[in-house]
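What follows is a set of notes on a single structure, which appears directly below.
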Amino acid sequence: MPGEAKSTLERRSALHLFRLGEAMLRIVRNRNRPLLHMMRAWSVVAPHLVEAACHKERHVSQKAVSFIHDVLTEVLTSWAELPLFHFNEALFRPFEHIMQLELCDEDVQDQVITSIGELVEMCSPQILSGWRPLFSALRTVHSSKTDTKGYLLGEYSM
């Protein structure tokens, strides 16, 4: 807009990300909303968070992955997946898409792997249908090492 400072133009995308993430967290934390509302909101918000997670600016991508992690933690700890719904599979799809796009750097990839590890440690019985996208995301992990297995064996062998 005319008269706007140049520094605010650069922060506009990050500001929208914060608003989008906070709105999604408010939806998830509101127990009076039906599960269908949360499912519809997640189907709209998740692709934007995946796009932001692949952003070239580190603070934007880091915050996007953080919002995904916070939403997943909140849903897994407060909502039970109903039989035949498979909503948790849709919940974990953003991690799968982030890893499969190969547009994120190694820091974002490490943050996603750490987030997956925390979720598995905290909420493994609640994941249910979300295991498939989790394993798919971990299957597509790209390492800077040329031979990951050799690297791991070499480090731990006597």
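Identifiers for the structure tokens are assigned positionally: chains receive A, B, ... in sequence, residues are indexed from 1 per chain, and ligands are indexed from 1 in the order shown.
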For segment 20-35 of chain A, find every residue with an atom within 10 Å (counting only C-alpha atoms), except residues of its own chain fewer than 5 positions away, and show them as a count of residues only. 26
Fewer than 4 positions away in the same chain doesn't count, so skip those; otherwise give me all residues within 12 Å of Leu101 of chain A, counting only C-alpha atoms, as number ranges by chain. A: 50-51, 53-55, 94-97, 105, 109, 137, 140-142
Would you output that residue set with C-alpha atoms, as a PDB file, in the first residue's frame?
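And here's part.pdb as it stands now:
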ATOM      1  CA  VAL A  50       3.143 -26.988   4.015  1.00  0.00           C
ATOM      2  CA  GLU A  51       3.886 -24.181   1.568  1.00  0.00           C
ATOM      3  CA  ALA A  53       7.322 -24.831   5.694  1.00  0.00           C
ATOM      4  CA  CYS A  54       9.151 -24.827   2.350  1.00  0.00           C
ATOM      5  CA  HIS A  55       9.696 -21.041   2.490  1.00  0.00           C
ATOM      6  CA  PRO A  94       1.468 -32.246   5.950  1.00  0.00           C
ATOM      7  CA  PHE A  95       4.609 -33.903   7.330  1.00  0.00           C
ATOM      8  CA  GLU A  96       4.509 -36.390   4.479  1.00  0.00           C
ATOM      9  CA  HIS A  97       4.078 -33.627   1.888  1.00  0.00           C
ATOM     10  CA  ASP A 105      16.373 -27.511   3.648  1.00  0.00           C
ATOM     11  CA  GLN A 109      13.768 -31.703   7.662  1.00  0.00           C
ATOM     12  CA  ALA A 137       7.450 -39.146   5.606  1.00  0.00           C
ATOM     13  CA  THR A 140      11.562 -40.023   2.140  1.00  0.00           C
ATOM     14  CA  VAL A 141      14.187 -38.554   4.473  1.00  0.00           C
ATOM     15  CA  HIS A 142      17.137 -37.290   2.472  1.00  0.00           C
TER      16      HIS A 142
END
Members of segment 7-121 of chain A assigned helix (DSSP H, G or I) by DSSP, as JSON, numbers by chain: {"A": [7, 8, 9, 10, 11, 12, 13, 14, 15, 16, 17, 18, 19, 20, 21, 22, 23, 24, 25, 26, 27, 28, 29, 35, 36, 37, 38, 39, 40, 41, 42, 43, 44, 45, 46, 47, 48, 49, 50, 51, 52, 53, 58, 59, 60, 61, 62, 63, 64, 65, 66, 67, 68, 69, 70, 71, 72, 73, 74, 75, 76, 77, 78, 87, 88, 89, 90, 91, 92, 93, 94, 95, 96, 97, 98, 99, 100, 101, 106, 107, 108, 109, 110, 111, 112, 113, 114, 115, 116, 117, 118, 119, 120, 121]}
List the spatial neighbours of Leu134 of chain A as a PyMOL selection string - criterion: any atom at most 10 Å away, only C-alpha atoms, same-chain residues fewer than 2 positions off excluded. chain A and resi 89+92-96+113+116-117+120+127+129-132+136-139
Would you mind telling me which residue in A:Leu91, A:Leu128, A:Val65, A:Val60 lies nearest to Ser115 of chain A when using only C-alpha atoms?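 Of A:Leu91, A:Leu128, A:Val65, A:Val60, the one nearest Ser115 of chain A is A:Val65, counting only C-alpha atoms.
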